[in-house]
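work33.csv, holding CSV, C-alpha atoms:
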```csv
chain,number,residue,atom,x,y,z
A,23,MET,CA,7.5,-23.8,18.6
A,24,GLU,CA,4.0,-23.2,19.7
A,25,PRO,CA,2.1,-26.3,20.8
A,26,LYS,CA,-1.3,-26.6,19.2
A,27,VAL,CA,-4.2,-28.8,19.9
A,28,PRO,CA,-5.0,-30.5,16.6
A,29,SER,CA,-8.2,-32.2,15.6
A,30,ASN,CA,-8.7,-34.9,13.1
A,31,GLY,CA,-11.5,-33.0,11.5
A,32,HIS,CA,-13.7,-36.1,11.3
A,33,GLY,CA,-16.3,-34.9,13.7
A,34,ALA,CA,-16.2,-38.1,15.7
A,35,ALA,CA,-13.5,-40.0,17.4
A,36,ARG,CA,-12.2,-43.0,15.6
A,37,GLN,CA,-11.8,-46.3,17.5
A,38,MET,CA,-8.2,-46.4,18.6
A,39,THR,CA,-6.2,-49.4,17.4
A,40,SER,CA,-2.5,-50.2,17.2
A,41,GLU,CA,-2.7,-49.4,13.5
A,42,ARG,CA,-4.3,-46.0,14.1
A,43,LEU,CA,-1.8,-45.2,16.9
A,44,ARG,CA,1.0,-46.0,14.5
A,45,GLN,CA,-0.5,-43.7,11.9
A,46,LEU,CA,-0.7,-40.9,14.5
A,47,LEU,CA,2.9,-41.4,15.5
A,48,ASP,CA,4.1,-41.6,11.8
A,49,ALA,CA,2.2,-38.4,10.9
A,50,TYR,CA,2.4,-36.2,14.0
A,51,GLY,CA,5.3,-37.6,16.0
A,52,ALA,CA,5.4,-38.5,19.6
A,53,GLY,CA,4.0,-35.4,21.3
A,54,PRO,CA,0.3,-36.0,22.3
A,55,ASP,CA,-0.3,-32.3,22.0
A,56,ARG,CA,0.2,-32.7,18.2
A,57,TRP,CA,-2.4,-35.5,17.9
A,58,PRO,CA,-6.0,-34.8,17.1
A,59,PRO,CA,-7.7,-33.9,20.4
A,60,ASP,CA,-10.6,-36.3,20.0
A,61,GLU,CA,-8.2,-39.2,19.6
A,62,ARG,CA,-5.7,-38.2,22.2
A,63,GLU,CA,-7.2,-39.8,25.3
A,64,ALA,CA,-7.7,-43.2,23.6
A,65,ALA,CA,-4.2,-43.1,22.2
A,66,LEU,CA,-2.7,-42.4,25.6
A,67,ALA,CA,-4.7,-45.3,27.1
A,68,LEU,CA,-3.4,-47.7,24.5
A,69,LEU,CA,0.1,-46.6,25.1
A,70,GLU,CA,-0.2,-47.4,28.8
A,71,ASN,CA,-1.3,-50.9,27.9
A,72,SER,CA,1.1,-51.7,25.1
A,73,SER,CA,4.8,-52.0,25.3
A,74,GLU,CA,5.0,-52.3,21.5
A,75,ALA,CA,3.1,-49.0,21.2
A,76,ARG,CA,5.5,-47.4,23.6
A,77,ALA,CA,8.5,-48.6,21.6
A,78,GLU,CA,7.0,-47.0,18.5
A,79,ARG,CA,6.3,-43.8,20.5
A,80,ASP,CA,10.0,-43.7,21.6
A,81,SER,CA,11.2,-44.2,18.0
A,82,ALA,CA,9.0,-41.3,16.9
A,83,ALA,CA,10.3,-39.2,19.8
A,84,ARG,CA,13.9,-39.7,18.6
A,85,LEU,CA,13.1,-38.5,15.2
A,86,ASP,CA,11.3,-35.5,16.7
A,87,THR,CA,14.4,-34.7,18.6
A,88,VAL,CA,16.6,-34.8,15.5
A,89,LEU,CA,14.2,-32.6,13.6
A,90,ASP,CA,14.1,-30.1,16.4
A,91,ARG,CA,17.9,-29.6,16.0
A,92,ALA,CA,17.4,-28.0,12.7
A,93,PRO,CA,17.8,-24.2,13.2
A,94,ALA,CA,15.2,-21.8,11.8
A,95,GLU,CA,16.1,-18.8,9.8
A,96,GLN,CA,15.9,-15.6,11.9
A,97,PRO,CA,14.8,-12.3,10.4
A,98,SER,CA,17.5,-9.7,10.1
A,99,PRO,CA,17.1,-6.4,11.8
A,100,ALA,CA,17.2,-4.8,8.4
A,101,LEU,CA,14.2,-6.9,7.3
A,102,ALA,CA,12.2,-5.8,10.4
A,103,GLU,CA,13.0,-2.2,9.5
A,104,ARG,CA,11.9,-2.6,5.9
A,105,VAL,CA,8.7,-4.3,7.0
A,106,LEU,CA,7.9,-1.6,9.6
A,107,ALA,CA,8.8,1.2,7.1
A,108,ALA,CA,6.0,0.0,4.9
A,109,SER,CA,3.5,-0.4,7.7
A,110,PRO,CA,0.4,1.9,8.0
A,111,ALA,CA,1.9,3.3,11.2
A,112,LYS,CA,4.8,4.8,9.2
A,113,ARG,CA,2.5,6.1,6.5
A,114,VAL,CA,0.4,7.9,9.1
A,115,LYS,CA,3.5,9.2,10.8
A,116,ALA,CA,4.8,10.5,7.5
A,117,ARG,CA,1.5,12.2,6.7
A,118,SER,CA,1.3,13.9,10.1
A,119,ARG,CA,5.0,14.9,10.4
A,120,PRO,CA,5.2,18.7,11.0
A,121,SER,CA,7.0,20.9,8.5
A,122,LEU,CA,10.5,22.0,9.1
A,123,VAL,CA,9.5,25.6,8.2
A,124,ARG,CA,6.8,26.1,10.7
A,125,PRO,CA,4.3,24.0,12.6
A,126,GLY,CA,1.1,23.5,10.8
A,127,ALA,CA,2.5,24.7,7.5
A,128,GLY,CA,1.6,21.4,5.9
A,129,GLU,CA,-2.0,21.6,7.0
A,130,ALA,CA,-2.1,25.2,5.8
A,131,ARG,CA,-0.7,24.2,2.4
A,132,ARG,CA,-3.2,21.5,2.1
A,133,SER,CA,-6.0,23.8,3.1
A,134,THR,CA,-4.9,26.4,0.5
A,135,ARG,CA,-4.6,23.7,-2.1
A,136,ARG,CA,-8.1,22.5,-1.3
A,137,ALA,CA,-9.5,26.1,-1.5
A,138,ARG,CA,-7.7,26.6,-4.8
A,139,THR,CA,-9.1,23.4,-6.2
A,140,ARG,CA,-12.6,24.5,-5.1
A,141,LEU,CA,-12.2,27.9,-6.7
A,142,TRP,CA,-11.2,26.3,-10.0
A,143,ARG,CA,-14.1,24.0,-9.8
A,144,TYR,CA,-16.5,27.0,-9.3
A,145,LEU,CA,-14.9,28.9,-12.1
A,146,ALA,CA,-15.1,25.9,-14.4
A,147,ALA,CA,-18.8,25.7,-13.6
A,148,ALA,CA,-19.5,29.4,-13.9
A,149,ALA,CA,-17.7,30.1,-17.1
A,150,PRO,CA,-20.2,28.4,-19.4
A,151,LEU,CA,-23.1,30.0,-17.5
A,152,ALA,CA,-21.6,33.5,-17.9
A,153,ALA,CA,-21.0,32.9,-21.6
A,154,ALA,CA,-24.6,31.8,-22.1
A,155,ALA,CA,-25.9,34.8,-20.1
A,156,ALA,CA,-23.9,37.1,-22.3
A,157,LEU,CA,-25.2,35.6,-25.5
A,158,VAL,CA,-28.8,35.8,-24.3
A,159,PHE,CA,-28.3,39.5,-23.3
A,160,TRP,CA,-26.8,40.3,-26.7
A,161,LEU,CA,-29.6,38.6,-28.6
A,162,THR,CA,-32.4,40.2,-26.6
A,163,ARG,CA,-30.9,43.7,-26.1
A,164,PRO,CA,-33.3,46.7,-27.1
A,165,PRO,CA,-32.3,48.6,-30.3
A,166,LEU,CA,-30.9,52.1,-29.7
A,167,ASP,CA,-33.5,54.6,-30.9
A,168,LEU,CA,-31.8,57.9,-30.2
A,169,PRO,CA,-31.1,60.0,-33.3
A,170,HIS,CA,-27.5,60.2,-34.2
A,171,SER,CA,-27.5,64.0,-34.2
A,172,GLU,CA,-29.0,64.2,-30.7
A,173,SER,CA,-26.5,61.7,-29.3
A,174,MET,CA,-23.7,63.7,-30.8
A,175,GLN,CA,-25.0,66.9,-29.2
A,176,LEU,CA,-25.2,65.2,-25.9
A,177,THR,CA,-21.7,64.0,-26.3
A,178,ILE,CA,-20.5,67.5,-27.1
A,179,ALA,CA,-22.4,68.9,-24.2
A,180,GLU,CA,-20.7,66.6,-21.9
A,181,LEU,CA,-17.4,68.0,-23.1
A,182,GLY,CA,-18.3,71.4,-21.6
A,183,ALA,CA,-18.0,75.0,-23.0
A,184,TYR,CA,-14.9,76.6,-24.3
A,185,GLN,CA,-13.9,79.7,-22.3
A,186,THR,CA,-10.9,80.7,-24.3
A,187,PRO,CA,-10.9,83.6,-26.8
A,188,MET,CA,-9.6,81.1,-29.4
A,189,ASP,CA,-13.3,80.2,-29.8
A,190,VAL,CA,-13.5,83.4,-31.8
A,191,LEU,CA,-11.2,81.9,-34.4
A,192,LEU,CA,-13.7,79.1,-35.0
A,193,GLU,CA,-16.6,81.4,-35.6
A,194,PRO,CA,-17.2,82.0,-39.3
A,195,PRO,CA,-18.0,85.7,-38.8
A,196,ALA,CA,-14.6,86.3,-37.3
A,197,PHE,CA,-12.9,85.5,-40.6
A,198,ASP,CA,-12.9,87.5,-43.7
A,199,LEU,CA,-11.3,85.5,-46.4
A,200,ILE,CA,-11.0,88.4,-48.9
A,201,ASP,CA,-9.5,90.8,-46.4
A,202,THR,CA,-5.8,91.3,-47.2
A,203,VAL,CA,-5.0,92.7,-43.8
A,204,PRO,CA,-4.3,90.2,-41.2
A,205,SER,CA,-6.3,90.6,-38.2
A,206,LEU,CA,-4.7,88.0,-36.0
A,207,GLY,CA,-1.8,89.5,-34.2
A,208,CYS,CA,-2.1,92.8,-36.1
A,209,THR,CA,-2.1,95.6,-33.6
A,210,ASP,CA,-0.5,98.4,-35.5
A,211,SER,CA,-3.3,100.7,-36.7
A,212,GLY,CA,-0.8,102.5,-38.9
A,213,LEU,CA,-0.5,99.4,-41.0
A,214,GLY,CA,-4.2,99.3,-41.4
A,215,CYS,CA,-4.8,96.8,-38.7
A,216,PRO,CA,-8.4,96.8,-37.6
A,217,GLU,CA,-9.1,97.8,-34.1
A,218,LEU,CA,-10.7,94.9,-32.4
A,219,ASP,CA,-12.6,95.5,-29.3
A,220,PHE,CA,-13.7,92.1,-28.2
A,221,GLN,CA,-15.4,93.2,-25.1
A,222,ARG,CA,-17.6,95.6,-27.1
A,223,GLU,CA,-18.3,93.1,-29.7
A,224,ILE,CA,-19.3,90.6,-27.1
A,225,GLU,CA,-21.6,93.0,-25.4
A,226,SER,CA,-23.1,93.9,-28.7
A,227,GLY,CA,-23.7,90.2,-29.4
A,228,SER,CA,-21.7,90.1,-32.6
A,229,LEU,CA,-19.0,87.9,-31.0
A,230,PRO,CA,-20.4,85.1,-28.8
A,231,MET,CA,-18.3,84.4,-25.8
A,232,ARG,CA,-19.9,81.1,-25.1
A,233,ARG,CA,-20.9,78.4,-27.5
A,234,THR,CA,-23.8,76.5,-26.2
A,235,HIS,CA,-25.8,73.6,-27.4
A,236,ALA,CA,-29.4,73.3,-27.1
B,23,MET,CA,0.5,-6.4,24.4
B,24,ASP,CA,-2.2,-9.1,25.1
B,25,GLU,CA,-4.6,-8.1,22.3
B,26,SER,CA,-5.9,-10.7,20.0
B,27,ASP,CA,-4.6,-10.8,16.4
B,28,GLU,CA,-8.0,-9.5,15.2
B,29,THR,CA,-7.7,-6.5,17.5
B,30,LEU,CA,-4.2,-5.8,16.4
B,31,MET,CA,-5.2,-6.0,12.8
B,32,LEU,CA,-8.0,-3.5,13.3
B,33,GLN,CA,-5.6,-1.1,15.1
B,34,ALA,CA,-2.9,-1.6,12.6
B,35,GLY,CA,-5.4,-0.7,9.9
B,36,THR,CA,-5.9,2.7,11.5
B,37,GLY,CA,-2.1,3.3,11.7
B,38,SER,CA,-1.4,2.2,15.3
B,39,HIS,CA,2.4,2.1,15.8
B,40,ASP,CA,2.2,-0.3,18.7
B,41,ALA,CA,-0.1,-2.7,16.8
B,42,CYS,CA,2.2,-2.8,13.8
B,43,HIS,CA,5.2,-3.5,16.0
B,44,GLU,CA,3.4,-6.2,17.9
B,45,LEU,CA,2.3,-8.0,14.7
B,46,VAL,CA,5.9,-7.9,13.4
B,47,ARG,CA,7.1,-9.2,16.7
B,48,ARG,CA,4.7,-12.0,16.7
B,49,TYR,CA,4.8,-13.2,13.1
B,50,LEU,CA,7.9,-11.9,11.2
B,51,GLY,CA,10.1,-14.6,12.7
B,52,ARG,CA,7.6,-17.4,12.1
B,53,ILE,CA,7.1,-16.4,8.5
B,54,VAL,CA,10.8,-16.2,7.8
B,55,ALA,CA,11.3,-19.6,9.5
B,56,PHE,CA,8.5,-21.1,7.4
B,57,ALA,CA,9.7,-19.7,4.2
B,58,GLY,CA,13.3,-20.6,5.1
B,59,ARG,CA,12.5,-24.2,5.6
B,60,SER,CA,10.2,-24.3,2.5
B,61,LEU,CA,12.8,-22.6,0.2
B,62,GLY,CA,16.1,-23.5,1.9
B,63,ASP,CA,17.4,-20.0,1.2
B,64,ARG,CA,17.6,-17.2,3.6
B,65,THR,CA,17.5,-14.4,1.1
B,66,ASP,CA,14.5,-15.8,-0.6
B,67,ALA,CA,12.8,-16.4,2.7
B,68,GLU,CA,13.3,-12.7,3.7
B,69,ASP,CA,11.9,-11.6,0.3
B,70,VAL,CA,8.9,-13.7,0.8
B,71,ALA,CA,8.4,-12.5,4.4
B,72,GLN,CA,8.6,-8.9,3.3
B,73,GLU,CA,6.0,-9.5,0.6
B,74,VAL,CA,3.7,-11.2,3.0
B,75,PHE,CA,3.8,-8.2,5.4
B,76,GLU,CA,3.3,-5.8,2.5
B,77,ARG,CA,0.1,-7.6,1.7
B,78,LEU,CA,-0.7,-7.7,5.4
B,79,TRP,CA,-0.5,-4.0,5.7
B,80,ILE,CA,-2.8,-3.5,2.7
B,81,HIS,CA,-5.2,-6.1,4.1
B,82,ALA,CA,-5.2,-4.5,7.6
B,83,ARG,CA,-7.3,-1.6,6.3
B,84,ASN,CA,-10.1,-3.8,5.3
B,85,TRP,CA,-9.6,-6.6,7.7
B,86,ASN,CA,-12.7,-8.8,8.3
B,87,PRO,CA,-12.2,-10.5,11.7
B,88,GLY,CA,-14.7,-13.3,11.0
B,89,ARG,CA,-13.2,-14.5,7.7
B,90,ALA,CA,-10.0,-16.4,8.7
B,91,ARG,CA,-7.5,-16.7,11.4
B,92,LEU,CA,-4.5,-14.4,11.0
B,93,THR,CA,-2.0,-17.3,11.2
B,94,THR,CA,-3.9,-19.2,8.5
B,95,TRP,CA,-4.0,-16.2,6.3
B,96,LEU,CA,-0.3,-15.4,6.8
B,97,HIS,CA,0.8,-19.0,6.1
B,98,ARG,CA,-1.4,-19.3,3.1
B,99,VAL,CA,0.0,-16.2,1.5
B,100,ALA,CA,3.5,-17.2,2.4
B,101,LEU,CA,2.9,-20.7,1.0
B,102,ASN,CA,1.7,-19.4,-2.3
B,103,LEU,CA,4.7,-17.1,-2.6
B,104,CYS,CA,7.0,-20.0,-1.8
B,105,LEU,CA,5.3,-22.3,-4.3
B,106,ASP,CA,5.7,-19.7,-7.0
B,107,ARG,CA,9.4,-19.5,-6.3
B,108,LEU,CA,9.8,-23.3,-6.2
B,109,ALA,CA,8.0,-23.5,-9.5
B,110,ARG,CA,10.3,-20.9,-11.0
B,111,ARG,CA,13.3,-22.8,-9.7
B,112,ARG,CA,12.1,-25.9,-11.4
B,113,GLU,CA,11.6,-24.1,-14.7
B,114,GLN,CA,15.1,-22.6,-14.4
B,115,SER,CA,16.6,-26.0,-13.6
B,116,LEU,CA,15.2,-27.4,-16.8
B,117,VAL,CA,16.9,-24.7,-18.8
B,118,ASP,CA,20.2,-24.6,-17.0
B,119,VAL,CA,22.8,-27.2,-17.7
B,120,VAL,CA,23.4,-28.7,-14.3
B,121,GLU,CA,26.9,-30.0,-13.6
B,122,PRO,CA,26.8,-33.3,-11.8
B,123,THR,CA,27.6,-32.6,-8.2
B,124,ASP,CA,27.2,-34.2,-4.9
B,125,PRO,CA,23.7,-33.0,-3.8
B,126,LYS,CA,24.7,-32.7,-0.1
B,127,PRO,CA,27.9,-32.4,1.8
B,128,SER,CA,29.6,-35.6,2.8
B,129,MET,CA,28.5,-37.1,6.1
B,130,THR,CA,32.1,-37.0,7.4
B,131,ALA,CA,32.4,-33.3,6.8
B,132,LEU,CA,29.0,-32.6,8.4
B,133,MET,CA,29.8,-34.8,11.4
B,134,GLN,CA,33.1,-33.1,11.8
B,135,GLN,CA,31.3,-29.8,12.0
B,136,GLU,CA,28.8,-31.4,14.3
B,137,ASP,CA,26.2,-29.6,12.3
B,138,ILE,CA,23.3,-31.9,12.6
B,139,GLY,CA,20.9,-29.1,12.3
B,140,ARG,CA,22.2,-28.2,8.9
B,141,LEU,CA,22.1,-31.8,7.9
B,142,VAL,CA,18.4,-32.1,8.8
B,143,ASN,CA,17.7,-28.9,6.9
B,144,THR,CA,19.4,-30.3,3.9
B,145,GLU,CA,17.4,-33.5,4.0
B,146,LEU,CA,14.2,-31.5,4.6
B,147,ALA,CA,14.9,-29.3,1.6
B,148,ALA,CA,15.4,-32.4,-0.5
B,149,LEU,CA,11.8,-33.7,0.2
B,150,PRO,CA,9.1,-33.3,-2.3
B,151,ASP,CA,7.5,-29.8,-1.9
B,152,ARG,CA,4.2,-30.9,-0.4
B,153,GLN,CA,5.7,-33.3,2.1
B,154,LYS,CA,8.2,-30.6,3.1
B,155,ILE,CA,5.5,-28.0,3.6
B,156,ALA,CA,3.3,-30.3,5.5
B,157,ILE,CA,6.1,-31.1,8.0
B,158,THR,CA,7.1,-27.5,8.2
B,159,LEU,CA,3.5,-26.4,9.0
B,160,CYS,CA,2.7,-29.1,11.5
B,161,HIS,CA,6.1,-29.9,13.2
B,162,TYR,CA,8.0,-26.6,13.0
B,163,GLN,CA,5.2,-24.0,12.8
B,164,GLY,CA,3.1,-25.9,15.4
B,165,LEU,CA,-0.2,-25.6,13.5
B,166,GLY,CA,-3.0,-28.0,14.0
B,167,ASN,CA,-3.9,-30.5,11.4
B,168,ILE,CA,-7.1,-28.8,10.3
B,169,GLU,CA,-5.4,-25.4,9.9
B,170,ALA,CA,-2.5,-26.9,8.1
B,171,ALA,CA,-4.8,-28.8,5.7
B,172,GLU,CA,-6.8,-25.6,5.1
B,173,ILE,CA,-3.6,-23.7,4.3
B,174,MET,CA,-2.5,-26.4,1.9
B,175,GLY,CA,-5.9,-26.9,0.4
B,176,VAL,CA,-6.0,-30.6,1.1
B,177,SER,CA,-8.1,-32.9,3.3
B,178,VAL,CA,-6.9,-33.9,6.8
B,179,GLU,CA,-6.4,-37.5,5.5
B,180,ALA,CA,-4.2,-36.2,2.7
B,181,LEU,CA,-2.2,-34.1,5.1
B,182,GLU,CA,-1.6,-37.1,7.4
B,183,SER,CA,-0.4,-39.1,4.4
B,184,LEU,CA,2.0,-36.3,3.3
B,185,LEU,CA,3.3,-36.0,6.9
B,186,ALA,CA,3.8,-39.8,7.3
B,187,ARG,CA,5.6,-40.2,4.0
B,188,GLY,CA,7.8,-37.2,4.7
B,189,ARG,CA,8.8,-38.4,8.1
B,190,ARG,CA,9.5,-41.9,6.9
B,191,THR,CA,11.8,-40.5,4.2
B,192,LEU,CA,13.6,-38.3,6.6
B,193,ARG,CA,14.1,-41.2,9.0
B,194,SER,CA,15.4,-43.3,6.3
B,195,ARG,CA,17.9,-40.8,5.1
B,196,LEU,CA,19.0,-39.6,8.5
B,197,SER,CA,19.3,-43.1,9.9
B,198,GLY,CA,22.4,-43.6,7.7
B,199,LEU,CA,23.9,-40.3,8.8
B,200,VAL,CA,23.0,-40.1,12.5
B,201,PRO,CA,22.0,-43.6,13.4
B,202,ASP,CA,22.9,-43.2,17.1
B,203,LEU,CA,20.6,-40.3,17.4
B,204,LEU,CA,17.8,-42.3,16.0
B,205,GLY,CA,18.5,-45.3,18.1
B,206,GLU,CA,19.4,-47.4,15.1
B,207,SER,CA,23.1,-48.0,15.5
```

If you took the structure in this file and wrote it as structure tokens, what would it be?
Amino acid sequence: MEPKVPSNGHGAARQMTSERLRQLLDAYGAGPDRWPPDEREAALALLENSSEARAERDSAARLDTVLDRAPAEQPSPALAERVLAASPAKRVKARSRPSLVRPGAGEARRSTRRARTRLWRYLAAAAPLAAAAALVFWLTRPPLDLPHSESMQLTIAELGAYQTPMDVLLEPPAFDLIDTVPSLGCTDSGLGCPELDFQREIESGSLPMRRTHA
Amino acid sequence: MDESDETLMLQAGTGSHDACHELVRRYLGRIVAFAGRSLGDRTDAEDVAQEVFERLWIHARNWNPGRARLTTWLHRVALNLCLDRLARRREQSLVDVVEPTDPKPSMTALMQQEDIGRLVNTELAALPDRQKIAITLCHYQGLGNIEAAEIMGVSVEALESLLARGRRTLRSRLSGLVPDLLGES
């Protein structure tokens, strides 16, 4: 038990009388350290001069002694553990406990998680802006004024020139729809196959080797 | 550690292991004792003490040293929790059908066990709640009258009245059981 120095809270000491001393003994017991400090000195002085007051003090002391024999409950070790387990110290320790995988992994994970959260935040902010920019671009784009034929020619030009003799087959002059003698793959002149001299025809200009586009 | 309660609270709020241990060392026993005498039940007393400290840890983060003494704050929280439990007991006792039993062990049995301490606790538990709490705060917890009155929310005069009535009742009841100890044989 921790002795305390009480005060009566009245701000000024009362005049000490036998009645007031009895009240103090009845309320606080026999220990002067329990009495209001501003009344203590006067109460002790009265005790010195009054055998009746001392008898009352002794009676109060016997009751104090009996009361002091009552044991107080003691906290169990398990309670102390539970209380400490909930303390801020345990929470800080749990937060700073290193990972079993590798030191600093926890911090790295938290850092990654924070970076990922920031990225999602930026994306969430950028997506509407990108959509708005695309809409503005689409609404304000210049119309295409190239003629269709010219664009087609450019497209064909990008494909390059055919260097194969099969080009010949695509040239209208190379086909004679009313000719009954096949020319393609016909090499026997005895059957009336025409003698085709591609090189001569090319040189003469009747069979273009290259198809070009202006 | 010689730090003040206020310093320990500030350190505990930042997660200081030593400060938390010191606060538990200083006050867990006192709060269990206070709740034990107020409630007369060890299990309930430990539950109350645990709840008081759970609130203390939360409070430590925002502890304002100038507002109240730590002992006052702890006892006030404990008192409120005890009063809640006592009120629930009273409600329950009105619902339950109580078999008529002897409210306390016979004097002979107690004296054979020489368990005067248990006898005193039995009589203390039988006091009206406010008288019992006043005596617990001032006599057993060693608090000054101003602090005890503040915890209970009463004036110093009212506290003195509760103390005097409680002690008179205890003397009266105990004088029949242990008259020699009280000098009344």

Test item: residues at most 12 Å from Leu203 (chain B), all atoms listed in the file, excluding those fewer than 5 positions along its chain, as a ChimeraX atom specification: /A:80-89,91 /B:138,193,196-198

Show me the residues around (10.3, -13.6, 6.1) - criterion: an atom at most 6 Å away, only C-alpha atoms counted - as JSON, numbers by chain. {"B": [50, 53, 54, 67, 68, 70, 71, 72]}

Give me the residues within 12 Å of Ser109 (chain A) as a PDB file with C-alpha atoms, in the frame of the given file, counting all atoms listed in the file and dropping any in the same chain fewer than 5 places off.
```
ATOM      1  CA  ALA A 102      12.200  -5.800  10.400  1.00  0.00           C
ATOM      2  CA  GLU A 103      13.000  -2.200   9.500  1.00  0.00           C
ATOM      3  CA  ARG A 104      11.900  -2.600   5.900  1.00  0.00           C
ATOM      4  CA  VAL A 114       0.400   7.900   9.100  1.00  0.00           C
ATOM      5  CA  LYS A 115       3.500   9.200  10.800  1.00  0.00           C
ATOM      6  CA  ALA A 116       4.800  10.500   7.500  1.00  0.00           C
TER       7      ALA A 116
ATOM      8  CA  MET B  31      -5.200  -6.000  12.800  1.00  0.00           C
ATOM      9  CA  GLN B  33      -5.600  -1.100  15.100  1.00  0.00           C
ATOM     10  CA  ALA B  34      -2.900  -1.600  12.600  1.00  0.00           C
ATOM     11  CA  GLY B  35      -5.400  -0.700   9.900  1.00  0.00           C
ATOM     12  CA  THR B  36      -5.900   2.700  11.500  1.00  0.00           C
ATOM     13  CA  GLY B  37      -2.100   3.300  11.700  1.00  0.00           C
ATOM     14  CA  SER B  38      -1.400   2.200  15.300  1.00  0.00           C
ATOM     15  CA  HIS B  39       2.400   2.100  15.800  1.00  0.00           C
ATOM     16  CA  ASP B  40       2.200  -0.300  18.700  1.00  0.00           C
ATOM     17  CA  ALA B  41      -0.100  -2.700  16.800  1.00  0.00           C
ATOM     18  CA  CYS B  42       2.200  -2.800  13.800  1.00  0.00           C
ATOM     19  CA  HIS B  43       5.200  -3.500  16.000  1.00  0.00           C
ATOM     20  CA  GLU B  44       3.400  -6.200  17.900  1.00  0.00           C
ATOM     21  CA  LEU B  45       2.300  -8.000  14.700  1.00  0.00           C
ATOM     22  CA  VAL B  46       5.900  -7.900  13.400  1.00  0.00           C
ATOM     23  CA  GLN B  72       8.600  -8.900   3.300  1.00  0.00           C
ATOM     24  CA  GLU B  73       6.000  -9.500   0.600  1.00  0.00           C
ATOM     25  CA  VAL B  74       3.700 -11.200   3.000  1.00  0.00           C
ATOM     26  CA  PHE B  75       3.800  -8.200   5.400  1.00  0.00           C
ATOM     27  CA  GLU B  76       3.300  -5.800   2.500  1.00  0.00           C
ATOM     28  CA  ARG B  77       0.100  -7.600   1.700  1.00  0.00           C
ATOM     29  CA  LEU B  78      -0.700  -7.700   5.400  1.00  0.00           C
ATOM     30  CA  TRP B  79      -0.500  -4.000   5.700  1.00  0.00           C
ATOM     31  CA  ILE B  80      -2.800  -3.500   2.700  1.00  0.00           C
ATOM     32  CA  HIS B  81      -5.200  -6.100   4.100  1.00  0.00           C
ATOM     33  CA  ALA B  82      -5.200  -4.500   7.600  1.00  0.00           C
ATOM     34  CA  ARG B  83      -7.300  -1.600   6.300  1.00  0.00           C
TER      35      ARG B  83
END
```

Can you work out which residues from chain B touch chain A at a cut-off of 6 Å (counting all atoms listed in the file) and hand them back as a list in words?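 Contact residues on the first chain: Gly37, Ser38, His39, Gly51, Ala55, Gly58, Gln72, Trp79, Gly139, Val142, Asn143, Gly164, Leu165, Gly166, Asn167, Glu182, Leu185, Ala186 and Leu204 of chain B.
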
Pull C-alpha atoms from the residues just selected and write them as a PDB file, in the coordinates of the input.
```
ATOM      1  CA  GLY B  37      -2.100   3.300  11.700  1.00  0.00           C
ATOM      2  CA  SER B  38      -1.400   2.200  15.300  1.00  0.00           C
ATOM      3  CA  HIS B  39       2.400   2.100  15.800  1.00  0.00           C
ATOM      4  CA  GLY B  51      10.100 -14.600  12.700  1.00  0.00           C
ATOM      5  CA  ALA B  55      11.300 -19.600   9.500  1.00  0.00           C
ATOM      6  CA  GLY B  58      13.300 -20.600   5.100  1.00  0.00           C
ATOM      7  CA  GLN B  72       8.600  -8.900   3.300  1.00  0.00           C
ATOM      8  CA  TRP B  79      -0.500  -4.000   5.700  1.00  0.00           C
ATOM      9  CA  GLY B 139      20.900 -29.100  12.300  1.00  0.00           C
ATOM     10  CA  VAL B 142      18.400 -32.100   8.800  1.00  0.00           C
ATOM     11  CA  ASN B 143      17.700 -28.900   6.900  1.00  0.00           C
ATOM     12  CA  GLY B 164       3.100 -25.900  15.400  1.00  0.00           C
ATOM     13  CA  LEU B 165      -0.200 -25.600  13.500  1.00  0.00           C
ATOM     14  CA  GLY B 166      -3.000 -28.000  14.000  1.00  0.00           C
ATOM     15  CA  ASN B 167      -3.900 -30.500  11.400  1.00  0.00           C
ATOM     16  CA  GLU B 182      -1.600 -37.100   7.400  1.00  0.00           C
ATOM     17  CA  LEU B 185       3.300 -36.000   6.900  1.00  0.00           C
ATOM     18  CA  ALA B 186       3.800 -39.800   7.300  1.00  0.00           C
ATOM     19  CA  LEU B 204      17.800 -42.300  16.000  1.00  0.00           C
TER      20      LEU B 204
END
```

Distance CA of Ala170 (chain B)-CA of Leu108 (chain B), one decimal place?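 According to the coordinates, CA of Ala170 (chain B) and CA of Leu108 (chain B) are separated by 19.2 Å.
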
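Coordinates place CA of Asp63 (chain B) at a distance of 14.4 Å from CA of Leu141 (chain B).
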
Distance CA of Trp85 (chain B)-CA of Cys160 (chain B), one decimal place?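 These two atoms are separated by 25.9 Å.
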
When distances are computed from all atoms listed in the file, which of B:Glu169, B:Glu145, B:Asp66, B:Asp151 shows the smallest separation from Leu105 (chain B)?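 Checking each candidate against Leu105 (chain B), we get B:Asp151 as the closest.
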
Restricting the calculation to all atoms listed in the file: of B:Asp24, B:Ala90, B:Phe56, B:Leu96, which residue gets closest to His161 (chain B)?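 Between B:Asp24, B:Ala90, B:Phe56, B:Leu96, the residue approaching His161 (chain B) most closely is B:Phe56.
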
Around the point (0.7, -36.4, 3.1), in the coordinates given by the file, pick out the residues reaching within 8 Å, counting all atoms listed in the file, and return them as a compact mmCIF listing (two decimals) with C-alpha atoms, keeping the file's coordinate frame.
```txt
# COMPACT_ATOMS: atom_id res chain seq x y z
CA ARG B 152 4.20 -30.90 -0.40
CA GLN B 153 5.70 -33.30 2.10
CA ALA B 156 3.30 -30.30 5.50
CA GLU B 179 -6.40 -37.50 5.50
CA ALA B 180 -4.20 -36.20 2.70
CA LEU B 181 -2.20 -34.10 5.10
CA GLU B 182 -1.60 -37.10 7.40
CA SER B 183 -0.40 -39.10 4.40
CA LEU B 184 2.00 -36.30 3.30
CA LEU B 185 3.30 -36.00 6.90
CA ALA B 186 3.80 -39.80 7.30
CA ARG B 187 5.60 -40.20 4.00
CA GLY B 188 7.80 -37.20 4.70
```
